[in-house]
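Data block for start16.txt (compact mmCIF, C-alpha atoms):
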# COMPACT_ATOMS: atom_id res chain seq x y z
CA MET S 1 147.71 -189.59 96.52
CA LYS S 2 150.50 -187.04 96.79
CA LYS S 3 149.57 -183.43 96.24
CA ARG S 4 152.07 -183.00 93.39
CA VAL S 5 150.77 -186.07 91.51
CA PHE S 6 147.19 -184.91 92.05
CA ASN S 7 147.97 -181.43 90.68
CA ILE S 8 149.73 -182.93 87.63
CA ILE S 9 146.71 -185.14 86.89
CA ILE S 10 144.36 -182.15 87.19
CA LEU S 11 146.56 -180.07 84.86
CA LEU S 12 146.75 -182.88 82.29
CA ALA S 13 142.99 -183.38 82.42
CA PHE S 14 142.47 -179.63 82.01
CA ALA S 15 144.89 -179.54 79.06
CA ALA S 16 143.07 -182.49 77.44
CA LEU S 17 139.70 -180.82 77.93
CA SER S 18 141.05 -177.57 76.49
CA GLY S 19 142.34 -179.52 73.49
CA VAL S 20 138.91 -181.08 72.96
CA VAL S 21 137.27 -177.64 73.11
CA VAL S 22 139.79 -176.16 70.65
CA MET S 23 139.36 -179.10 68.24
CA GLN S 24 135.59 -178.85 68.46
CA VAL S 25 135.70 -175.13 67.69
CA TYR S 26 138.10 -175.82 64.81
CA TRP S 27 135.84 -178.46 63.26
CA MET S 28 132.77 -176.31 63.70
CA ARG S 29 134.57 -173.45 61.93
CA ASN S 30 135.52 -175.80 59.10
CA ALA S 31 131.94 -177.04 58.92
CA PHE S 32 130.74 -173.45 58.64
CA LEU S 33 133.23 -172.70 55.83
CA LEU S 34 132.24 -175.88 53.97
CA LYS S 35 128.58 -175.02 54.35
CA GLU S 36 129.29 -171.51 53.08
CA GLU S 37 131.12 -172.97 50.08
CA GLN S 38 128.20 -175.33 49.46
CA TYR S 39 125.87 -172.32 49.61
CA ASP S 40 127.99 -170.49 46.99
CA ASN S 41 127.99 -173.55 44.72
CA SER S 42 124.22 -173.81 45.02
CA VAL S 43 123.91 -170.15 43.99
CA ARG S 44 126.20 -170.67 40.98
CA ILE S 45 124.22 -173.74 39.88
CA ALA S 46 120.94 -171.86 40.26
CA MET S 47 122.21 -168.88 38.25
CA LYS S 48 123.49 -171.10 35.45
CA SER S 49 120.20 -172.96 35.44
CA VAL S 50 118.36 -169.65 35.06
CA LEU S 51 120.57 -168.64 32.11
CA ASN S 52 120.21 -172.09 30.50
CA ARG S 53 116.44 -171.90 30.66
CA LEU S 54 116.52 -168.40 29.18
CA LEU S 55 118.86 -169.66 26.45
CA GLU S 56 116.50 -172.53 25.68
CA ALA S 57 113.55 -170.15 25.43
CA HIS S 58 115.60 -167.77 23.26
CA THR S 59 116.70 -170.62 20.94
CA ASP S 60 113.12 -171.81 20.51
CA SER S 61 111.95 -168.29 19.67
CA ALA S 62 114.84 -167.82 17.19
CA LEU S 63 113.96 -171.05 15.40
CA ARG S 64 110.31 -170.02 15.23
CA LEU S 65 111.35 -166.64 13.80
CA LEU S 66 113.60 -168.24 11.12
CA SER S 67 110.78 -170.50 10.00
CA SER S 68 108.40 -167.61 9.65
CA PRO S 69 107.68 -166.10 6.11
CA ASP S 70 109.46 -162.83 6.96
CA PRO S 71 112.28 -163.52 9.49
CA CYS S 72 113.82 -160.06 9.18
CA VAL S 73 110.77 -158.12 10.37
CA PHE S 74 111.98 -158.04 14.04
CA GLN S 75 115.61 -157.52 15.07
CA LYS S 76 116.76 -157.89 18.71
CA THR S 77 119.06 -154.94 19.43
CA GLU S 78 118.57 -154.59 23.24
CA VAL S 79 118.99 -156.96 26.18
CA GLY S 80 115.34 -156.45 27.00
CA ASP S 81 114.50 -157.94 23.60
CA VAL S 82 116.15 -161.20 24.67
CA ILE S 83 115.37 -161.34 28.40
CA SER S 84 111.96 -160.57 29.88
CA GLU S 85 112.33 -159.17 33.38
CA PRO S 86 109.15 -160.83 34.78
CA ILE S 87 110.27 -164.19 33.37
CA LEU S 88 113.79 -163.68 34.75
CA ASP S 89 112.39 -162.84 38.16
CA SER S 90 110.14 -165.91 38.26
CA LEU S 91 112.97 -168.18 37.08
CA ILE S 92 115.31 -166.86 39.80
CA LYS S 93 112.69 -167.41 42.49
CA ALA S 94 112.02 -170.96 41.30
CA GLU S 95 115.68 -171.93 41.09
CA MET S 96 116.64 -170.38 44.40
CA ARG S 97 113.75 -172.15 46.10
CA CYS S 98 114.78 -175.41 44.44
CA MET S 99 118.37 -175.05 45.67
CA GLN S 100 117.15 -174.05 49.19
CA VAL S 101 119.09 -170.80 49.06
CA GLY S 102 116.30 -168.55 50.29
CA ASP S 103 114.68 -165.41 48.94
CA ALA S 104 116.83 -162.73 50.64
CA TYR S 105 118.73 -161.54 47.59
CA GLU S 106 119.11 -158.74 45.07
CA TYR S 107 120.00 -159.21 41.41
CA MET S 108 120.64 -157.16 38.29
CA ILE S 109 121.79 -157.39 34.70
CA TYR S 110 124.28 -154.67 33.90
CA ASN S 111 126.92 -153.61 31.41
CA ARG S 112 130.34 -154.04 32.94
CA LEU S 113 131.88 -151.48 30.58
CA ASN S 114 129.79 -148.51 31.67
CA ARG S 115 128.12 -149.98 34.84
CA HIS S 116 124.72 -149.34 33.31
CA VAL S 117 121.98 -151.37 35.04
CA VAL S 118 119.50 -152.79 32.58
CA MET S 119 117.11 -154.62 34.91
CA GLY S 120 116.84 -156.13 38.38
CA ASN S 121 115.45 -155.60 41.89
CA VAL S 122 118.30 -153.38 43.12
CA SER S 123 117.37 -151.37 46.22
CA GLN S 124 120.28 -150.78 48.65
CA TYR S 125 123.10 -153.12 47.64
CA SER S 126 124.05 -151.74 44.21
CA ASP S 127 127.72 -151.33 45.12
CA GLU S 128 127.87 -154.89 46.45
CA LEU S 129 126.24 -156.22 43.27
CA PHE S 130 128.97 -154.68 41.10
CA ILE S 131 131.68 -156.54 43.01
CA SER S 132 129.70 -159.65 43.93
CA GLU S 133 131.39 -163.03 43.61
CA HIS S 134 128.15 -164.41 42.11
CA GLN S 135 128.28 -163.13 38.49
CA GLN S 136 127.59 -164.90 35.19
CA SER S 137 128.17 -163.60 31.65
CA ILE S 138 125.08 -163.56 29.39
CA GLU S 139 127.14 -163.50 26.21
CA ALA S 140 125.40 -166.66 25.00
CA LEU S 141 122.09 -164.77 25.12
CA PHE S 142 123.18 -161.31 24.03
CA SER S 143 126.67 -160.75 22.66
CA PRO S 144 126.81 -156.98 21.93
CA GLY S 145 128.41 -155.27 24.94
CA ASP S 146 129.79 -156.84 28.10
CA TYR S 147 126.62 -157.78 29.99
CA TYR S 148 126.59 -159.74 33.22
CA PHE S 149 124.00 -161.31 35.48
CA SER S 150 124.92 -160.51 39.13
CA MET S 151 123.39 -161.55 42.46
CA TYR S 152 124.11 -160.54 46.07
CA PHE S 153 122.92 -162.25 49.27
CA PRO S 154 123.12 -159.86 52.26
CA GLN S 155 122.04 -162.56 54.75
CA LYS S 156 124.25 -165.33 53.43
CA ARG S 157 126.16 -165.90 56.68
CA ARG S 158 122.96 -165.83 58.70
CA GLN S 159 121.34 -168.39 56.43
CA VAL S 160 124.41 -170.62 56.55
CA PHE S 161 124.46 -170.33 60.33
CA LEU S 162 120.74 -171.21 60.56
CA GLN S 163 121.36 -174.31 58.48
CA LEU S 164 124.06 -175.37 60.97
CA SER S 165 122.35 -173.98 64.06
CA LEU S 166 120.97 -177.30 65.31
CA TRP S 167 124.38 -178.99 65.20
CA MET S 168 126.11 -175.95 66.66
CA VAL S 169 123.64 -175.75 69.54
CA LEU S 170 123.97 -179.48 70.25
CA SER S 171 127.74 -179.23 70.07
CA ALA S 172 127.74 -176.24 72.46
CA ILE S 173 125.43 -178.07 74.88
CA PHE S 174 127.60 -181.19 74.87
CA LEU S 175 130.74 -179.10 75.37
CA LEU S 176 129.10 -177.21 78.22
CA VAL S 177 128.01 -180.47 79.85
CA VAL S 178 131.55 -181.87 79.55
CA ILE S 179 133.09 -178.65 80.96
CA LEU S 180 130.60 -178.46 83.84
CA GLY S 181 131.06 -182.17 84.54
CA PHE S 182 134.83 -181.74 84.59
CA TRP S 183 134.58 -178.69 86.86
CA TYR S 184 132.17 -180.43 89.24
CA THR S 185 134.34 -183.56 89.34
CA VAL S 186 137.49 -181.58 90.11
CA TYR S 187 135.61 -179.46 92.66
CA THR S 188 134.22 -182.58 94.35
CA VAL S 189 137.60 -184.32 94.40
CA ILE S 190 139.31 -181.25 95.87
CA ARG S 191 136.51 -180.81 98.41
CA GLN S 192 136.63 -184.48 99.40
CA LYS S 193 140.41 -184.24 99.68
CA LYS S 194 140.09 -181.25 102.01
CA LEU S 195 137.38 -183.03 104.04
CA SER S 196 139.65 -186.08 104.29
CA GLU S 197 142.48 -183.88 105.58
CA ILE S 198 140.14 -182.19 108.07
CA ARG S 199 138.82 -185.54 109.31
CA THR S 200 142.34 -186.90 109.60
CA ASP S 201 143.26 -183.83 111.63
CA PHE S 202 140.13 -184.35 113.74
CA ILE S 203 141.04 -187.99 114.45
CA ASN S 204 144.58 -186.98 115.39
CA ASN S 205 143.27 -184.29 117.73
CA MET S 206 140.65 -186.60 119.20
CA THR S 207 143.29 -189.26 119.84
CA HIS S 208 145.48 -186.70 121.54
CA GLU S 209 142.58 -185.26 123.59
CA PHE S 210 141.43 -188.71 124.75
CA LYS S 211 144.93 -190.02 125.38
CA THR S 212 145.80 -187.38 128.00
CA PRO S 213 142.88 -187.94 130.43
CA MET S 214 143.00 -191.72 129.90
CA ALA S 215 146.71 -191.76 130.75
CA THR S 216 146.03 -189.62 133.83
CA ILE S 217 143.20 -191.93 134.94
CA GLY S 218 145.41 -194.96 134.40
CA LEU S 219 148.24 -193.48 136.41
CA ALA S 220 145.94 -192.39 139.27
CA SER S 221 144.27 -195.83 139.32
CA GLU S 222 147.66 -197.49 139.45
CA MET S 223 148.65 -195.32 142.41
CA LEU S 224 145.40 -196.15 144.25
CA LEU S 225 146.24 -199.86 144.02
CA LYS S 226 149.40 -199.34 146.04
CA PRO S 227 148.95 -200.17 149.74
CA ALA S 228 150.96 -197.14 150.84
CA VAL S 229 148.50 -194.81 149.07
CA LEU S 230 145.44 -196.67 150.30
CA SER S 231 146.64 -196.30 153.87
CA ASN S 232 146.98 -192.54 153.39
CA GLN S 233 143.48 -191.09 153.29
CA ASP S 234 144.52 -187.69 151.90
CA LYS S 235 146.53 -189.16 149.00
CA ALA S 236 143.74 -191.62 148.19
CA GLN S 237 141.20 -188.78 148.03
CA THR S 238 143.55 -186.73 145.83
CA TYR S 239 143.96 -189.53 143.28
CA ALA S 240 140.24 -190.32 143.41
CA ARG S 241 139.51 -186.65 142.74
CA VAL S 242 141.87 -186.70 139.75
CA ILE S 243 140.12 -189.76 138.36
CA HIS S 244 136.72 -188.11 138.87
CA GLN S 245 137.80 -184.85 137.15
CA GLU S 246 139.43 -186.59 134.21
CA ASN S 247 136.40 -188.86 133.83
CA GLU S 248 134.15 -185.77 133.67
CA ARG S 249 136.48 -184.27 131.07
CA LEU S 250 136.21 -187.41 128.95
CA GLN S 251 132.43 -187.44 129.31
CA HIS S 252 132.28 -183.81 128.23
CA GLN S 253 134.40 -184.53 125.14
CA VAL S 254 132.32 -187.56 124.19
CA GLU S 255 129.13 -185.54 124.75
CA GLN S 256 130.42 -182.85 122.37
CA ILE S 257 131.04 -185.38 119.61
CA LEU S 258 127.66 -187.03 120.14
CA GLN S 259 125.89 -183.66 120.01
CA ILE S 260 127.54 -182.80 116.69
CA ALA S 261 126.60 -186.21 115.28
CA MET S 262 122.99 -185.64 116.34
CA LEU S 263 123.01 -182.15 114.82
CA GLU S 264 124.21 -183.51 111.47
CA ARG S 265 121.48 -186.17 111.55
CA GLN S 266 118.97 -183.49 112.66
CA GLU S 267 118.05 -185.56 115.68
CA VAL S 268 118.45 -182.78 118.27
CA THR S 269 115.22 -181.95 120.07
CA LEU S 270 115.35 -178.54 121.71
CA GLN S 271 113.59 -178.06 125.04
CA MET S 272 112.18 -174.65 124.21
CA ARG S 273 110.85 -172.39 126.94
CA ARG S 274 110.76 -168.71 127.85
CA PHE S 275 113.58 -167.65 130.16
CA ASP S 276 115.67 -164.65 131.13
CA LEU S 277 119.03 -164.66 129.37
CA CYS S 278 120.75 -162.31 131.83
CA PRO S 279 121.22 -164.81 134.72
CA LEU S 280 122.79 -167.23 132.25
CA ILE S 281 125.25 -164.58 131.06
CA TYR S 282 126.25 -163.69 134.64
CA GLU S 283 126.62 -167.39 135.47
CA LEU S 284 128.97 -167.93 132.51
CA ILE S 285 131.05 -164.82 133.30
CA GLU S 286 131.53 -166.02 136.86
CA ALA S 287 132.52 -169.53 135.74
CA PHE S 288 134.99 -168.47 133.04
CA ASN S 289 136.48 -165.64 135.10
CA LEU S 290 138.26 -168.28 137.18
CA ARG S 291 140.24 -169.36 134.12
CA ALA S 292 140.75 -165.79 132.90
CA GLU S 293 142.11 -164.66 136.28
CA GLU S 294 144.59 -167.55 136.30
CA LEU S 295 146.02 -166.01 133.11
CA GLY S 296 146.01 -162.52 134.58
CA GLY S 297 142.98 -161.41 132.56
CA ARG S 298 139.31 -160.71 133.10
CA ILE S 299 135.89 -161.21 131.55
CA SER S 300 133.48 -158.30 132.00
CA LEU S 301 130.09 -157.02 130.88
CA ILE S 302 129.92 -153.55 129.30
CA LYS S 303 126.67 -152.65 131.03
CA ASP S 304 124.27 -154.42 133.34
CA CYS S 305 121.95 -156.97 131.77
CA GLU S 306 118.39 -156.77 133.08
CA SER S 307 115.48 -158.99 132.09
CA VAL S 308 116.20 -159.97 128.48
CA TYR S 309 113.71 -162.71 127.66
CA ILE S 310 114.07 -165.21 124.82
CA TYR S 311 112.38 -168.46 123.83
CA GLY S 312 114.98 -171.20 123.59
CA ASP S 313 116.82 -174.18 125.00
CA ARG S 314 118.79 -172.99 128.03
CA PHE S 315 121.15 -176.00 128.04
CA HIS S 316 122.22 -175.62 124.41
CA LEU S 317 122.46 -171.84 124.64
CA ARG S 318 124.69 -172.20 127.68
CA GLN S 319 126.89 -174.58 125.72
CA LEU S 320 126.86 -172.16 122.76
CA PHE S 321 128.15 -169.17 124.79
CA SER S 322 130.56 -171.44 126.66
CA ASN S 323 132.15 -172.38 123.33
CA LEU S 324 132.59 -168.71 122.40
CA LEU S 325 134.16 -167.84 125.76
CA ASP S 326 136.33 -170.95 125.65
CA ASN S 327 137.65 -169.96 122.19
CA ALA S 328 138.27 -166.40 123.39
CA LEU S 329 140.54 -167.78 126.12
CA LYS S 330 142.22 -170.53 124.08
CA TYR S 331 143.05 -168.46 120.99
CA ASN S 332 144.79 -165.71 122.93
CA LYS S 333 148.52 -165.19 123.33
CA ASN S 334 148.06 -162.00 125.37
CA ILE S 335 146.62 -161.38 128.80
CA PRO S 336 142.96 -162.11 127.99
CA VAL S 337 140.61 -159.14 128.03
CA ILE S 338 137.13 -160.36 127.07
CA VAL S 339 134.12 -158.07 126.96
CA LEU S 340 130.48 -159.14 126.65
CA MET S 341 127.57 -156.93 125.72
CA VAL S 342 123.85 -157.72 125.66
CA LYS S 343 121.38 -155.45 123.90
CA VAL S 344 117.93 -155.65 122.34
CA GLU S 345 117.47 -154.05 118.93
CA ASN S 346 114.72 -154.51 116.31
CA GLN S 347 113.13 -157.33 118.32
CA MET S 348 116.42 -159.23 118.31
CA VAL S 349 118.70 -159.96 121.26
CA GLU S 350 122.36 -159.40 120.41
CA VAL S 351 125.04 -160.99 122.59
CA SER S 352 128.57 -160.03 121.53
CA VAL S 353 131.78 -161.61 122.77
CA LYS S 354 134.83 -159.46 122.05
CA ASP S 355 138.40 -160.60 122.74
CA ASN S 356 141.97 -159.43 122.18
CA GLY S 357 143.17 -162.77 120.84
CA VAL S 358 145.02 -163.90 117.72
CA GLY S 359 142.18 -162.90 115.36
CA ILE S 360 141.07 -164.57 112.15
CA ALA S 361 142.34 -163.90 108.64
CA ASP S 362 139.77 -162.71 106.09
CA GLU S 363 140.07 -165.84 103.96
CA LYS S 364 139.35 -168.02 107.02
CA LYS S 365 136.13 -166.28 108.06
CA LYS S 366 134.11 -168.21 105.47
CA VAL S 367 135.20 -171.63 106.76
CA ILE S 368 135.47 -171.25 110.53
CA PHE S 369 131.88 -172.49 110.99
CA LYS S 370 132.51 -175.70 109.03
CA ASN S 371 132.51 -178.94 110.96
CA PHE S 372 135.94 -180.14 112.18
CA TYR S 373 137.64 -176.98 110.95
CA ARG S 374 140.23 -175.48 113.28
CA VAL S 375 142.21 -172.27 112.88
CA HIS S 376 145.77 -173.44 113.41
CA THR S 377 148.33 -171.27 115.12
CA GLY S 378 151.32 -173.49 114.45
CA ASP S 379 151.53 -177.00 115.84
CA VAL S 380 148.47 -179.23 115.46
CA HIS S 381 148.01 -179.55 119.22
CA ASP S 382 148.93 -176.03 120.31
CA VAL S 383 145.25 -175.35 120.96
CA LYS S 384 143.15 -178.20 122.28
CA GLY S 385 139.82 -179.05 120.71
CA PHE S 386 138.06 -180.95 117.94
CA GLY S 387 137.17 -178.08 115.63
CA ILE S 388 133.44 -178.52 116.27
CA GLY S 389 132.74 -175.61 118.62
CA LEU S 390 131.84 -172.92 116.06
CA TYR S 391 129.94 -175.42 113.93
CA TYR S 392 127.86 -176.21 117.00
CA VAL S 393 127.38 -172.49 117.68
CA GLU S 394 126.07 -171.78 114.18
CA ARG S 395 123.74 -174.80 114.08
CA ILE S 396 122.19 -174.05 117.49
CA VAL S 397 121.71 -170.39 116.57
CA GLN S 398 120.02 -171.43 113.31
CA LEU S 399 117.73 -173.83 115.17
CA HIS S 400 116.68 -170.88 117.36
CA GLY S 401 115.86 -168.77 114.29
CA GLY S 402 118.85 -166.46 114.68
CA LYS S 403 122.25 -165.92 113.11
CA VAL S 404 125.85 -165.48 114.17
CA LEU S 405 128.21 -162.81 112.80
CA VAL S 406 131.96 -162.44 113.14
CA GLU S 407 134.22 -159.42 112.90
CA SER S 408 137.92 -160.07 113.17
CA GLU S 409 141.35 -158.84 112.16
CA LEU S 410 144.43 -160.99 112.29
CA GLY S 411 146.45 -160.18 115.37
CA LYS S 412 143.84 -157.76 116.77
CA GLY S 413 141.16 -160.02 118.20
CA SER S 414 137.66 -161.10 117.23
CA THR S 415 134.05 -160.20 117.98
CA PHE S 416 131.31 -162.83 117.68
CA VAL S 417 127.75 -161.52 117.66
CA VAL S 418 124.87 -163.94 118.33
CA GLN S 419 121.43 -162.67 117.30
CA LEU S 420 118.34 -164.38 118.72
CA PRO S 421 114.63 -163.45 118.53
CA ALA S 422 113.59 -161.47 121.60
CA MET S 423 110.40 -162.00 123.56
CA ALA S 424 108.34 -159.55 125.58
CA LYS S 425 108.94 -159.43 129.30
CA PRO S 426 106.22 -161.40 131.12
CA ILE S 427 103.65 -159.26 132.92
CA GLU S 428 104.00 -159.52 136.68
CA PRO S 429 100.78 -160.32 138.57
As a first step, turn the structure in this file into structure tokens.
Amino acid sequence: MKKRVFNIIILLAFAALSGVVVMQVYWMRNAFLLKEEQYDNSVRIAMKSVLNRLLEAHTDSALRLLSSPDPCVFQKTEVGDVISEPILDSLIKAEMRCMQVGDAYEYMIYNRLNRHVVMGNVSQYSDELFISEHQQSIEALFSPGDYYFSMYFPQKRRQVFLQLSLWMVLSAIFLLVVILGFWYTVYTVIRQKKLSEIRTDFINNMTHEFKTPMATIGLASEMLLKPAVLSNQDKAQTYARVIHQENERLQHQVEQILQIAMLERQEVTLQMRRFDLCPLIYELIEAFNLRAEELGGRISLIKDCESVYIYGDRFHLRQLFSNLLDNALKYNKNIPVIVLMVKVENQMVEVSVKDNGVGIADEKKKVIFKNFYRVHTGDVHDVKGFGIGLYYVERIVQLHGGKVLVESELGKGSTFVVQLPAMAKPIEP
């Protein structure tokens, strides 16, 4: 799939997911508003029910008074003569419980003309009660004056939210799952796409690396079949030597790939033993100095290395440091100046390899130890290799219980520091 098409699909999927999230938030907001409106209607119904029951009680008492021998003995001139506060309070509690409104409320009966409060449980929301949207006239019960029954619910939004909390939580969980699933899918696809590109690059490099020695072997073999070459002992030895060298090169390349495959399958068995690291370092410096001197450079040790003992696999550690020195020579456009240093600090052996090569950009430092990854310097084949050297370095160091650090600046060289557990020097007899 082309990169442009892939990006368009990702953008469309992201836009669709964003639309789903926005629509879900919109519908949840509407659900909250509808629930709030339902809450208000329940309060209005409860308040009217309270007034109706008071009216019924008042009508019954008025009829009983009219049927009495002396109906004019008692005249109701105050609101308190018509409405009993204890009865009003009990009726409100019963109706609010019936309508599932809750008991977090304040109420009062007051005169709207002079804002005189007649009765109620007013404590801290008196101002809110005067302007509350939940007010009912009690003119049917007591007509003199402009009296109103008012209620205020300070926790209305909280109660509405609690009633919707289960659905809101479920909706949020489902949205989160969808978003995380989308993110993980996109991340996986992008990661797999990058891995596919890296593996394609690896196959191209491997083909190129194998093609050169195979072509050389084929050409040398073809020359050896010629009678004129066979009769010349010096030429025959030269071509045989070329075949032998190129065959060793192929074997080394195949061995590298097999080692990485075994590392990934965790099938590598280290031959661990105590040995002195210093002779190995001197051996490597001597071997790689031949290549460095051909380029006009040099590999040196800052100070002498004497009896630094570790417990490890000498073969794999040799290969590890060979990879670092090989990279220091390959990724270098200048006359190579490579400096090694060995020191023991905090029971750890530190071997640093410092070069004056091309360096590594900051954003590349996190990925240079990934398998098949290669820091390109232009053309795909400008630097030979499979991109498995630093991956091998990190895995071998980890298997030895150590770690590898890198300090680098683009254009100013790199320093790789390998830290391995140190061991005490054996006691001489």
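Between Ser165 in chain S and the candidates S:Leu284, S:Lys364, S:Met28, S:Leu324, the tightest atom-to-atom separation, counting all atoms listed in the file, involves S:Met28.
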For Leu317 in chain S, please output as a ChimeraX atom specification all residues within 9 Å (counting all atoms listed in the file; exclusion window: fewer than 4 positions along the same chain).
/S:280,312-313,321-322,393,396-397
Restricting the calculation to only C-alpha atoms, which member of S:Phe161, S:Tyr148, S:Tyr311, S:Phe14 is positioned closest to Leu33 in chain S?
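Smallest separation from Leu33 in chain S among the options: S:Phe161.
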Nearest to Leu250 in chain S by atom-to-atom distance, counting all atoms listed in the file, from S:Ala287, S:Val351, S:Leu113, S:Met214
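Of S:Ala287, S:Val351, S:Leu113, S:Met214, the one nearest Leu250 in chain S, counting all atoms listed in the file, is S:Met214.
The shortest atom-to-atom distance to Met108 in chain S, with only C-alpha atoms taken into account, belongs to S:Met47 out of S:Met47, S:Val177, S:Val82, S:Val160.
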Using the file's own x, y and z axes, so that the box edges lie along x, y and z, what centre and edge lengths in Å (one decimal) does a box around every listed atom of range 319-330 of chain S get when 5 Å is added on each side? Give it as AutoDock Vina command-line options.
--center_x 134.5 --center_y -170.5 --center_z 124.4 --size_x 25.4 --size_y 18.2 --size_z 14.5
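Compared by their closest atoms to Gln271 in chain S, and using all atoms listed in the file, the residues S:Ile335, S:Asp81, S:His316, S:Leu405 rank with S:His316 nearest.
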Counting all atoms listed in the file, the option among S:Glu407, S:Glu246, S:Asp103, S:Asp326 closest to Gly359 in chain S:
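Once distances to Gly359 in chain S are computed over all atoms listed in the file, the minimum belongs to S:Glu407.
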Please return, as an MDAnalysis selection string, all polymer residues that have at least one atom within 7 Å of the point (128.9, -162.3, 36.9); use only C-alpha atoms and the file's own coordinate frame.
chainID S and resid 134:137 148:150
Quick one: everything within 8 Å of Gln155 in chain S, counting only C-alpha atoms, minus sequence neighbours fewer than 4 positions away in the same chain. Send it as a short mmCIF file (atom, residue, chain, number, x, y, z; two decimals) with C-alpha atoms, in the frame of the given file.
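Generated output (around_37.cif):
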data_model
loop_
_atom_site.label_atom_id
_atom_site.label_comp_id
_atom_site.auth_asym_id
_atom_site.auth_seq_id
_atom_site.Cartn_x
_atom_site.Cartn_y
_atom_site.Cartn_z
CA ALA S 104 116.83 -162.73 50.64
CA TYR S 105 118.73 -161.54 47.59
CA GLN S 159 121.34 -168.39 56.43
#
Can you measure CA of Ser196 in chain S to CA of Leu399 in chain S for me? One decimal in Å is fine.
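Atom-to-atom, CA of Ser196 in chain S to CA of Leu399 in chain S, that is 27.4 Å.
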From (138.7, -164.5, 128.6), in the file's coordinates, out to 12 Å: which residues are reached, counting all atoms listed in the file? Answer as number ranges by chain.
S: 284-301, 322-340, 353-357, 413-414
Give me the residues near Val242 in chain S as a short mmCIF file (atom, residue, chain, number, x, y, z; two decimals) with C-alpha atoms, in the coordinates of the input, where near means some atom within 10 Å (using only C-alpha atoms) and where sequence neighbours in that chain fewer than 4 positions away do not count.
data_model
loop_
_atom_site.label_atom_id
_atom_site.label_comp_id
_atom_site.auth_asym_id
_atom_site.auth_seq_id
_atom_site.Cartn_x
_atom_site.Cartn_y
_atom_site.Cartn_z
CA PRO S 213 142.88 -187.94 130.43
CA THR S 216 146.03 -189.62 133.83
CA ILE S 217 143.20 -191.93 134.94
CA LEU S 219 148.24 -193.48 136.41
CA ALA S 220 145.94 -192.39 139.27
CA SER S 221 144.27 -195.83 139.32
CA ALA S 236 143.74 -191.62 148.19
CA GLN S 237 141.20 -188.78 148.03
CA THR S 238 143.55 -186.73 145.83
CA GLU S 246 139.43 -186.59 134.21
CA ASN S 247 136.40 -188.86 133.83
CA GLU S 248 134.15 -185.77 133.67
#
Record the distance separating CA of Val101 in chain S and CA of Pro154 in chain S, expressed in Å with one decimal.
12.1 Å
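Distance-wise, CA of Met99 in chain S and CA of Ser42 in chain S end up 6.0 Å apart.
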Quick one: residues within 7 Å of Ala46 in chain S, only C-alpha atoms counted, chain neighbours fewer than 3 positions away excluded, as a list in words?
Ser42, Val43, Ser49, Val50, Glu95, Met96 and Met99 of chain S
Suppose we keep C-alpha atoms; can you now write the selection as a PDB file, keeping the file's coordinate frame?
ATOM      1  CA  SER S  42     124.220-173.810  45.020  1.00  0.00           C
ATOM      2  CA  VAL S  43     123.910-170.150  43.990  1.00  0.00           C
ATOM      3  CA  SER S  49     120.200-172.960  35.440  1.00  0.00           C
ATOM      4  CA  VAL S  50     118.360-169.650  35.060  1.00  0.00           C
ATOM      5  CA  GLU S  95     115.680-171.930  41.090  1.00  0.00           C
ATOM      6  CA  MET S  96     116.640-170.380  44.400  1.00  0.00           C
ATOM      7  CA  MET S  99     118.370-175.050  45.670  1.00  0.00           C
TER       8      MET S  99
END
